[in-house]
$ cat input_23.txt   # compact mmCIF, N, CA and C atoms
# COMPACT_ATOMS: atom_id res chain seq x y z
N MET A 1 -0.88 1.35 -25.47
CA MET A 1 -2.13 0.77 -25.05
C MET A 1 -2.93 0.27 -26.26
N GLN A 2 -2.93 1.05 -27.32
CA GLN A 2 -3.68 0.64 -28.50
C GLN A 2 -3.14 -0.66 -29.07
N ARG A 3 -1.81 -0.79 -29.12
CA ARG A 3 -1.21 -2.04 -29.62
C ARG A 3 -1.55 -3.20 -28.69
N ALA A 4 -1.53 -2.96 -27.40
CA ALA A 4 -1.84 -4.03 -26.45
C ALA A 4 -3.28 -4.48 -26.59
N VAL A 5 -4.20 -3.53 -26.76
CA VAL A 5 -5.61 -3.87 -26.94
C VAL A 5 -5.79 -4.64 -28.24
N ALA A 6 -5.19 -4.17 -29.31
CA ALA A 6 -5.30 -4.85 -30.61
C ALA A 6 -4.72 -6.26 -30.52
N TYR A 7 -3.60 -6.39 -29.84
CA TYR A 7 -2.95 -7.70 -29.68
C TYR A 7 -3.86 -8.66 -28.92
N ALA A 8 -4.44 -8.17 -27.84
CA ALA A 8 -5.34 -9.01 -27.04
C ALA A 8 -6.60 -9.36 -27.81
N ALA A 9 -7.15 -8.39 -28.54
CA ALA A 9 -8.37 -8.62 -29.32
C ALA A 9 -8.14 -9.64 -30.42
N ALA A 10 -6.91 -9.71 -30.91
CA ALA A 10 -6.58 -10.67 -31.96
C ALA A 10 -6.25 -12.05 -31.39
N GLY A 11 -6.40 -12.19 -30.08
CA GLY A 11 -6.14 -13.49 -29.46
C GLY A 11 -4.72 -13.68 -28.99
N GLY A 12 -3.94 -12.62 -28.99
CA GLY A 12 -2.53 -12.73 -28.61
C GLY A 12 -2.29 -12.85 -27.11
N GLY A 13 -3.30 -12.58 -26.31
CA GLY A 13 -3.13 -12.70 -24.86
C GLY A 13 -2.77 -11.39 -24.21
N PRO A 14 -2.41 -11.46 -22.95
CA PRO A 14 -2.14 -10.24 -22.19
C PRO A 14 -0.80 -9.63 -22.53
N THR A 15 -0.68 -8.35 -22.22
CA THR A 15 0.55 -7.60 -22.39
C THR A 15 0.85 -6.88 -21.09
N LEU A 16 2.08 -6.89 -20.65
CA LEU A 16 2.48 -6.13 -19.47
C LEU A 16 2.67 -4.68 -19.88
N ILE A 17 1.98 -3.79 -19.19
CA ILE A 17 2.08 -2.37 -19.49
C ILE A 17 2.66 -1.68 -18.26
N GLU A 18 3.77 -1.00 -18.45
CA GLU A 18 4.37 -0.22 -17.37
C GLU A 18 3.79 1.18 -17.46
N ALA A 19 3.12 1.60 -16.40
CA ALA A 19 2.52 2.93 -16.37
C ALA A 19 3.18 3.74 -15.27
N LEU A 20 3.82 4.83 -15.64
CA LEU A 20 4.48 5.69 -14.67
C LEU A 20 3.52 6.81 -14.28
N THR A 21 3.52 7.13 -13.01
CA THR A 21 2.66 8.21 -12.55
C THR A 21 3.42 9.04 -11.54
N TYR A 22 2.74 9.90 -10.87
CA TYR A 22 3.36 10.89 -10.00
C TYR A 22 2.74 10.79 -8.62
N ARG A 23 3.55 10.89 -7.60
CA ARG A 23 3.06 10.87 -6.22
C ARG A 23 2.58 12.28 -5.89
N ILE A 24 1.28 12.46 -5.82
CA ILE A 24 0.69 13.77 -5.59
C ILE A 24 0.94 14.23 -4.15
N GLU A 25 0.71 13.35 -3.22
CA GLU A 25 0.85 13.70 -1.80
C GLU A 25 2.30 13.57 -1.35
N ALA A 26 2.58 14.09 -0.17
CA ALA A 26 3.90 13.95 0.43
C ALA A 26 4.14 12.48 0.78
N HIS A 27 5.41 12.14 1.05
CA HIS A 27 5.74 10.77 1.42
C HIS A 27 4.99 10.35 2.68
N THR A 28 4.99 11.22 3.68
CA THR A 28 4.32 10.95 4.95
C THR A 28 3.72 12.26 5.44
N ASN A 29 2.97 12.19 6.53
CA ASN A 29 2.42 13.44 7.06
C ASN A 29 3.50 14.29 7.73
N ALA A 30 4.70 13.74 7.92
CA ALA A 30 5.82 14.50 8.48
C ALA A 30 6.70 15.11 7.38
N ASP A 31 6.39 14.81 6.12
CA ASP A 31 7.19 15.27 5.00
C ASP A 31 6.65 16.60 4.49
N ASP A 32 7.51 17.58 4.32
CA ASP A 32 7.13 18.85 3.73
C ASP A 32 7.57 18.84 2.27
N ALA A 33 6.67 18.44 1.40
CA ALA A 33 7.00 18.29 -0.02
C ALA A 33 7.34 19.61 -0.69
N THR A 34 6.93 20.73 -0.09
CA THR A 34 7.24 22.03 -0.69
C THR A 34 8.73 22.32 -0.65
N ARG A 35 9.49 21.55 0.12
CA ARG A 35 10.94 21.74 0.16
C ARG A 35 11.61 21.30 -1.14
N TYR A 36 10.98 20.38 -1.87
CA TYR A 36 11.63 19.85 -3.07
C TYR A 36 10.77 19.90 -4.33
N ARG A 37 9.59 20.51 -4.24
CA ARG A 37 8.79 20.71 -5.46
C ARG A 37 7.78 21.83 -5.22
N GLY A 38 7.46 22.51 -6.30
CA GLY A 38 6.53 23.62 -6.20
C GLY A 38 5.10 23.19 -6.51
N GLN A 39 4.15 24.04 -6.15
CA GLN A 39 2.74 23.75 -6.39
C GLN A 39 2.44 23.69 -7.89
N ASP A 40 3.17 24.46 -8.70
CA ASP A 40 2.94 24.42 -10.14
C ASP A 40 3.23 23.04 -10.71
N GLU A 41 4.27 22.37 -10.18
CA GLU A 41 4.59 21.01 -10.62
C GLU A 41 3.46 20.05 -10.25
N VAL A 42 2.97 20.17 -9.02
CA VAL A 42 1.87 19.30 -8.57
C VAL A 42 0.63 19.57 -9.42
N ASP A 43 0.33 20.84 -9.67
CA ASP A 43 -0.85 21.18 -10.47
C ASP A 43 -0.77 20.60 -11.88
N ARG A 44 0.43 20.62 -12.48
CA ARG A 44 0.59 20.02 -13.83
C ARG A 44 0.24 18.54 -13.80
N TRP A 45 0.69 17.85 -12.74
CA TRP A 45 0.41 16.43 -12.64
C TRP A 45 -1.05 16.16 -12.28
N LEU A 46 -1.64 17.02 -11.47
CA LEU A 46 -3.06 16.86 -11.15
C LEU A 46 -3.92 16.95 -12.40
N ALA A 47 -3.52 17.81 -13.33
CA ALA A 47 -4.25 17.95 -14.59
C ALA A 47 -4.17 16.68 -15.43
N ARG A 48 -3.15 15.86 -15.18
CA ARG A 48 -2.96 14.61 -15.93
C ARG A 48 -3.46 13.39 -15.16
N ASP A 49 -4.07 13.60 -13.99
CA ASP A 49 -4.52 12.49 -13.14
C ASP A 49 -5.42 11.54 -13.93
N PRO A 50 -5.01 10.28 -14.07
CA PRO A 50 -5.80 9.35 -14.90
C PRO A 50 -7.20 9.08 -14.33
N LEU A 51 -7.35 9.12 -13.02
CA LEU A 51 -8.69 8.87 -12.46
C LEU A 51 -9.63 10.02 -12.79
N THR A 52 -9.14 11.24 -12.64
CA THR A 52 -9.96 12.41 -12.99
C THR A 52 -10.26 12.41 -14.48
N ARG A 53 -9.27 12.11 -15.29
CA ARG A 53 -9.46 12.13 -16.75
C ARG A 53 -10.47 11.08 -17.20
N ILE A 54 -10.39 9.86 -16.65
CA ILE A 54 -11.34 8.83 -17.09
C ILE A 54 -12.75 9.17 -16.61
N ARG A 55 -12.84 9.73 -15.43
CA ARG A 55 -14.16 10.15 -14.92
C ARG A 55 -14.76 11.20 -15.85
N GLN A 56 -13.98 12.21 -16.22
CA GLN A 56 -14.47 13.27 -17.11
C GLN A 56 -14.84 12.70 -18.48
N HIS A 57 -14.03 11.76 -18.97
CA HIS A 57 -14.30 11.13 -20.27
C HIS A 57 -15.62 10.36 -20.23
N LEU A 58 -15.81 9.57 -19.19
CA LEU A 58 -17.04 8.78 -19.10
C LEU A 58 -18.27 9.66 -18.91
N LEU A 59 -18.12 10.73 -18.13
CA LEU A 59 -19.23 11.67 -17.96
C LEU A 59 -19.57 12.34 -19.29
N ALA A 60 -18.55 12.78 -20.02
CA ALA A 60 -18.77 13.47 -21.29
C ALA A 60 -19.43 12.56 -22.32
N ARG A 61 -19.13 11.27 -22.29
CA ARG A 61 -19.72 10.33 -23.26
C ARG A 61 -21.06 9.79 -22.80
N GLY A 62 -21.50 10.18 -21.61
CA GLY A 62 -22.78 9.71 -21.09
C GLY A 62 -22.73 8.28 -20.57
N LEU A 63 -21.54 7.78 -20.34
CA LEU A 63 -21.39 6.41 -19.83
C LEU A 63 -21.39 6.37 -18.31
N LEU A 64 -21.39 7.54 -17.70
CA LEU A 64 -21.40 7.67 -16.26
C LEU A 64 -22.13 8.95 -15.93
N ASP A 65 -22.89 8.95 -14.83
CA ASP A 65 -23.57 10.19 -14.42
C ASP A 65 -23.18 10.53 -12.99
N GLU A 66 -23.52 11.73 -12.56
CA GLU A 66 -23.11 12.20 -11.24
C GLU A 66 -23.62 11.32 -10.09
N PRO A 67 -24.87 10.82 -10.15
CA PRO A 67 -25.30 9.92 -9.07
C PRO A 67 -24.43 8.65 -8.99
N ALA A 68 -24.02 8.13 -10.15
CA ALA A 68 -23.15 6.95 -10.15
C ALA A 68 -21.78 7.30 -9.59
N VAL A 69 -21.27 8.49 -9.94
CA VAL A 69 -19.99 8.94 -9.39
C VAL A 69 -20.09 9.04 -7.87
N ALA A 70 -21.16 9.63 -7.38
CA ALA A 70 -21.35 9.77 -5.93
C ALA A 70 -21.43 8.40 -5.25
N ALA A 71 -22.12 7.47 -5.89
CA ALA A 71 -22.23 6.12 -5.32
C ALA A 71 -20.87 5.42 -5.30
N LEU A 72 -20.11 5.55 -6.38
CA LEU A 72 -18.78 4.96 -6.43
C LEU A 72 -17.85 5.58 -5.40
N ASP A 73 -17.92 6.91 -5.26
CA ASP A 73 -17.09 7.59 -4.27
C ASP A 73 -17.45 7.12 -2.86
N ALA A 74 -18.73 6.99 -2.57
CA ALA A 74 -19.17 6.54 -1.24
C ALA A 74 -18.72 5.10 -0.99
N GLU A 75 -18.83 4.25 -2.00
CA GLU A 75 -18.39 2.86 -1.85
C GLU A 75 -16.89 2.79 -1.61
N ALA A 76 -16.14 3.58 -2.35
CA ALA A 76 -14.67 3.59 -2.19
C ALA A 76 -14.30 4.09 -0.80
N GLU A 77 -14.97 5.13 -0.32
CA GLU A 77 -14.66 5.65 1.00
C GLU A 77 -15.03 4.64 2.09
N ALA A 78 -16.13 3.92 1.90
CA ALA A 78 -16.52 2.89 2.88
C ALA A 78 -15.49 1.77 2.91
N GLU A 79 -15.01 1.36 1.74
CA GLU A 79 -13.96 0.33 1.71
C GLU A 79 -12.68 0.82 2.35
N ALA A 80 -12.31 2.08 2.10
CA ALA A 80 -11.09 2.65 2.69
C ALA A 80 -11.24 2.74 4.21
N ALA A 81 -12.41 3.15 4.68
CA ALA A 81 -12.64 3.23 6.13
C ALA A 81 -12.55 1.85 6.77
N ALA A 82 -13.11 0.85 6.12
CA ALA A 82 -13.04 -0.52 6.64
C ALA A 82 -11.60 -1.01 6.66
N LEU A 83 -10.85 -0.69 5.63
CA LEU A 83 -9.43 -1.07 5.59
C LEU A 83 -8.65 -0.38 6.71
N ARG A 84 -8.88 0.92 6.89
CA ARG A 84 -8.19 1.64 7.98
C ARG A 84 -8.53 1.01 9.32
N GLN A 85 -9.78 0.63 9.51
CA GLN A 85 -10.19 0.00 10.77
C GLN A 85 -9.44 -1.32 10.97
N ARG A 86 -9.34 -2.13 9.93
CA ARG A 86 -8.63 -3.41 10.05
C ARG A 86 -7.15 -3.19 10.33
N VAL A 87 -6.55 -2.21 9.65
CA VAL A 87 -5.12 -1.94 9.83
C VAL A 87 -4.84 -1.45 11.24
N ASN A 88 -5.75 -0.68 11.81
CA ASN A 88 -5.54 -0.10 13.13
C ASN A 88 -6.03 -0.98 14.27
N THR A 89 -6.47 -2.17 13.95
CA THR A 89 -6.91 -3.11 14.97
C THR A 89 -5.74 -3.99 15.37
N ASP A 90 -5.49 -4.03 16.67
CA ASP A 90 -4.40 -4.90 17.14
C ASP A 90 -4.74 -6.35 16.86
N SER A 91 -3.76 -7.08 16.41
CA SER A 91 -3.95 -8.51 16.18
C SER A 91 -2.85 -9.26 16.93
N VAL A 92 -3.16 -10.49 17.24
CA VAL A 92 -2.21 -11.31 17.98
C VAL A 92 -1.35 -12.06 16.97
N HIS A 93 -0.05 -11.98 17.16
CA HIS A 93 0.88 -12.66 16.28
C HIS A 93 1.74 -13.62 17.11
N ASP A 94 2.05 -14.72 16.54
CA ASP A 94 2.93 -15.69 17.18
C ASP A 94 4.37 -15.32 16.84
N PRO A 95 5.19 -14.99 17.85
CA PRO A 95 6.58 -14.62 17.57
C PRO A 95 7.35 -15.70 16.81
N ALA A 96 6.94 -16.94 16.95
CA ALA A 96 7.62 -18.02 16.23
C ALA A 96 7.45 -17.88 14.72
N ASP A 97 6.43 -17.12 14.28
CA ASP A 97 6.23 -16.91 12.85
C ASP A 97 7.41 -16.19 12.21
N LEU A 98 8.17 -15.45 13.01
CA LEU A 98 9.35 -14.77 12.48
C LEU A 98 10.37 -15.76 11.93
N PHE A 99 10.33 -16.97 12.42
CA PHE A 99 11.35 -17.96 12.08
C PHE A 99 10.83 -19.08 11.20
N ARG A 100 9.53 -19.14 11.01
CA ARG A 100 8.95 -20.19 10.17
C ARG A 100 9.14 -19.84 8.69
N HIS A 101 9.39 -20.83 7.91
CA HIS A 101 9.44 -20.69 6.45
C HIS A 101 10.54 -19.73 5.96
N VAL A 102 11.58 -19.53 6.78
CA VAL A 102 12.69 -18.69 6.35
C VAL A 102 13.65 -19.55 5.53
N TYR A 103 14.01 -20.68 6.09
CA TYR A 103 14.88 -21.65 5.41
C TYR A 103 14.27 -23.03 5.59
N ALA A 104 14.55 -23.92 4.67
CA ALA A 104 14.08 -25.30 4.83
C ALA A 104 14.68 -25.90 6.09
N GLU A 105 15.92 -25.58 6.34
CA GLU A 105 16.64 -26.03 7.55
C GLU A 105 17.20 -24.77 8.22
N PRO A 106 16.72 -24.42 9.44
CA PRO A 106 17.20 -23.19 10.09
C PRO A 106 18.71 -23.20 10.27
N THR A 107 19.31 -22.06 10.03
CA THR A 107 20.75 -21.91 10.21
C THR A 107 21.07 -21.80 11.70
N PRO A 108 22.31 -22.04 12.08
CA PRO A 108 22.67 -21.87 13.50
C PRO A 108 22.38 -20.45 13.99
N ALA A 109 22.64 -19.45 13.17
CA ALA A 109 22.37 -18.06 13.57
C ALA A 109 20.88 -17.84 13.80
N LEU A 110 20.06 -18.40 12.93
CA LEU A 110 18.61 -18.25 13.08
C LEU A 110 18.13 -18.95 14.34
N ARG A 111 18.65 -20.13 14.62
CA ARG A 111 18.26 -20.84 15.85
C ARG A 111 18.68 -20.03 17.08
N ARG A 112 19.88 -19.42 17.03
CA ARG A 112 20.36 -18.61 18.15
C ARG A 112 19.44 -17.39 18.34
N GLN A 113 19.07 -16.75 17.24
CA GLN A 113 18.19 -15.58 17.33
C GLN A 113 16.83 -15.96 17.91
N GLN A 114 16.32 -17.11 17.49
CA GLN A 114 15.03 -17.57 17.99
C GLN A 114 15.12 -17.83 19.49
N LYS A 115 16.18 -18.47 19.92
CA LYS A 115 16.38 -18.77 21.34
C LYS A 115 16.47 -17.46 22.14
N GLU A 116 17.21 -16.47 21.62
CA GLU A 116 17.33 -15.18 22.29
C GLU A 116 15.99 -14.47 22.39
N LEU A 117 15.22 -14.50 21.32
CA LEU A 117 13.92 -13.85 21.34
C LEU A 117 13.01 -14.49 22.38
N PHE A 118 12.94 -15.81 22.37
CA PHE A 118 12.06 -16.48 23.32
C PHE A 118 12.51 -16.26 24.76
N ALA A 119 13.82 -16.14 25.00
CA ALA A 119 14.32 -15.83 26.34
C ALA A 119 13.89 -14.42 26.75
N GLU A 120 13.99 -13.47 25.82
CA GLU A 120 13.55 -12.10 26.11
C GLU A 120 12.05 -12.05 26.40
N LEU A 121 11.27 -12.76 25.60
CA LEU A 121 9.82 -12.77 25.81
C LEU A 121 9.46 -13.42 27.14
N ALA A 122 10.15 -14.48 27.50
CA ALA A 122 9.89 -15.15 28.79
C ALA A 122 10.25 -14.22 29.94
N ALA A 123 11.38 -13.51 29.83
CA ALA A 123 11.79 -12.58 30.89
C ALA A 123 10.78 -11.44 31.01
N GLU A 124 10.30 -10.95 29.87
CA GLU A 124 9.30 -9.89 29.89
C GLU A 124 8.02 -10.37 30.55
N ALA A 125 7.61 -11.58 30.24
CA ALA A 125 6.39 -12.15 30.84
C ALA A 125 6.58 -12.29 32.35
N ASP A 126 7.77 -12.74 32.77
CA ASP A 126 8.06 -12.88 34.20
C ASP A 126 8.00 -11.52 34.90
N ASP A 127 8.58 -10.50 34.26
CA ASP A 127 8.56 -9.16 34.84
C ASP A 127 7.15 -8.62 34.97
N THR A 128 6.33 -8.88 33.95
CA THR A 128 4.94 -8.42 33.96
C THR A 128 4.18 -9.13 35.07
N GLU A 129 4.39 -10.43 35.20
CA GLU A 129 3.71 -11.22 36.22
C GLU A 129 4.15 -10.77 37.62
N ALA A 130 5.45 -10.48 37.79
CA ALA A 130 5.96 -10.07 39.09
C ALA A 130 5.45 -8.70 39.50
N SER A 131 5.16 -7.83 38.54
CA SER A 131 4.69 -6.49 38.86
C SER A 131 3.21 -6.45 39.18
N ARG A 132 2.52 -7.54 39.02
CA ARG A 132 1.07 -7.56 39.31
C ARG A 132 0.80 -7.73 40.74
$ encode --input "input_23.txt" --output "structure tokens"
Amino acid sequence: MQRAVAYAAAGGGPTLIEALTYRIEAHTNADDATRYRGQDEVDRWLARDPLTRIRQHLLARGLLDEPAVAALDAEAEAEAAALRQRVNTDSVHDPADLFRHVYAEPTPALRRQQKELFAELAAEADDTEASR
């Protein structure tokens, strides 16, 4: 990081930095991470959490205070809640989008798949209409 900062400060431009980190949480809510790692391993990585470390560093240097931390946390949670709301909102998609921009010229297999999909969708619509 120091070399990248010095390089950029000298006018050298950006540097790609690969930063490896650790997945603290399980893969999914159905995953039992205790099957393949212990709490001591997680605790070691939590102690190295870059977000916690930068927060502590900025607080210690007086560049951040607790009210600012609380405001940032509230803003982040509001953004996350808005994102969850958007993700969980049903949206209408055009099934034809599955076939657009795949190839400049659709292959015979792609045309066949598109025809099959539209036939299935039409049959489903007919069934829904007939059941009303």
$ closest_residue --input "input_23.txt" --among "A:Gly11, A:Trp45, A:Met1, A:Gly38" --to "A:Ile24" --atoms "only C-alpha atoms"
A:Trp45
$ axis_aligned_box --input "input_23.txt" --around "stretch 78-88 of chain A" --padding-each-side "6 Å" --output "lines of an AutoDock Vina configuration file"
center_x = -10.7
center_y = 0.3
center_z = 8.0
size_x = 23.7
size_y = 19.3
size_z = 24.6
$ closest_residue --input "input_23.txt" --among "A:Tyr103, A:Glu77, A:Ala82, A:Val69" --to "A:Gln56" --atoms "only C-alpha atoms"
A:Val69
$ atom_distance --input "input_23.txt" --atom1 "atom N of A:Leu121" --atom2 "atom C of A:Val92"
15.3 Å
$ residues_around --input "input_23.txt" --residues "stretch 2-5 of chain A" --least-positions-apart "6" --cutoff "8 Å" --atoms "all atoms listed in the file" --output "VMD selection string"
chain A and resid 11 13 to 16
$ residues_near_point --input "input_23.txt" --point "(10.1, 13.7, -6.1)" --cutoff "10 Å" --atoms "only C-alpha atoms" --output "JSON list (two decimals) with N, CA and C atoms, in the coordinates of the input"
[["chain", "number", "residue", "atom", "x", "y", "z"],
["A", 22, "TYR", "N", 2.74, 9.90, -10.87],
["A", 22, "TYR", "CA", 3.36, 10.89, -10.00],
["A", 22, "TYR", "C", 2.74, 10.79, -8.62],
["A", 23, "ARG", "N", 3.55, 10.89, -7.60],
["A", 23, "ARG", "CA", 3.06, 10.87, -6.22],
["A", 23, "ARG", "C", 2.58, 12.28, -5.89],
["A", 24, "ILE", "N", 1.28, 12.46, -5.82],
["A", 24, "ILE", "CA", 0.69, 13.77, -5.59],
["A", 24, "ILE", "C", 0.94, 14.23, -4.15],
["A", 26, "ALA", "N", 2.58, 14.09, -0.17],
["A", 26, "ALA", "CA", 3.90, 13.95, 0.43],
["A", 26, "ALA", "C", 4.14, 12.48, 0.78],
["A", 27, "HIS", "N", 5.41, 12.14, 1.05],
["A", 27, "HIS", "CA", 5.74, 10.77, 1.42],
["A", 27, "HIS", "C", 4.99, 10.35, 2.68],
["A", 33, "ALA", "N", 6.67, 18.44, 1.40],
["A", 33, "ALA", "CA", 7.00, 18.29, -0.02],
["A", 33, "ALA", "C", 7.34, 19.61, -0.69],
["A", 36, "TYR", "N", 10.98, 20.38, -1.87],
["A", 36, "TYR", "CA", 11.63, 19.85, -3.07],
["A", 36, "TYR", "C", 10.77, 19.90, -4.33],
["A", 37, "ARG", "N", 9.59, 20.51, -4.24],
["A", 37, "ARG", "CA", 8.79, 20.71, -5.46],
["A", 37, "ARG", "C", 7.78, 21.83, -5.22]]
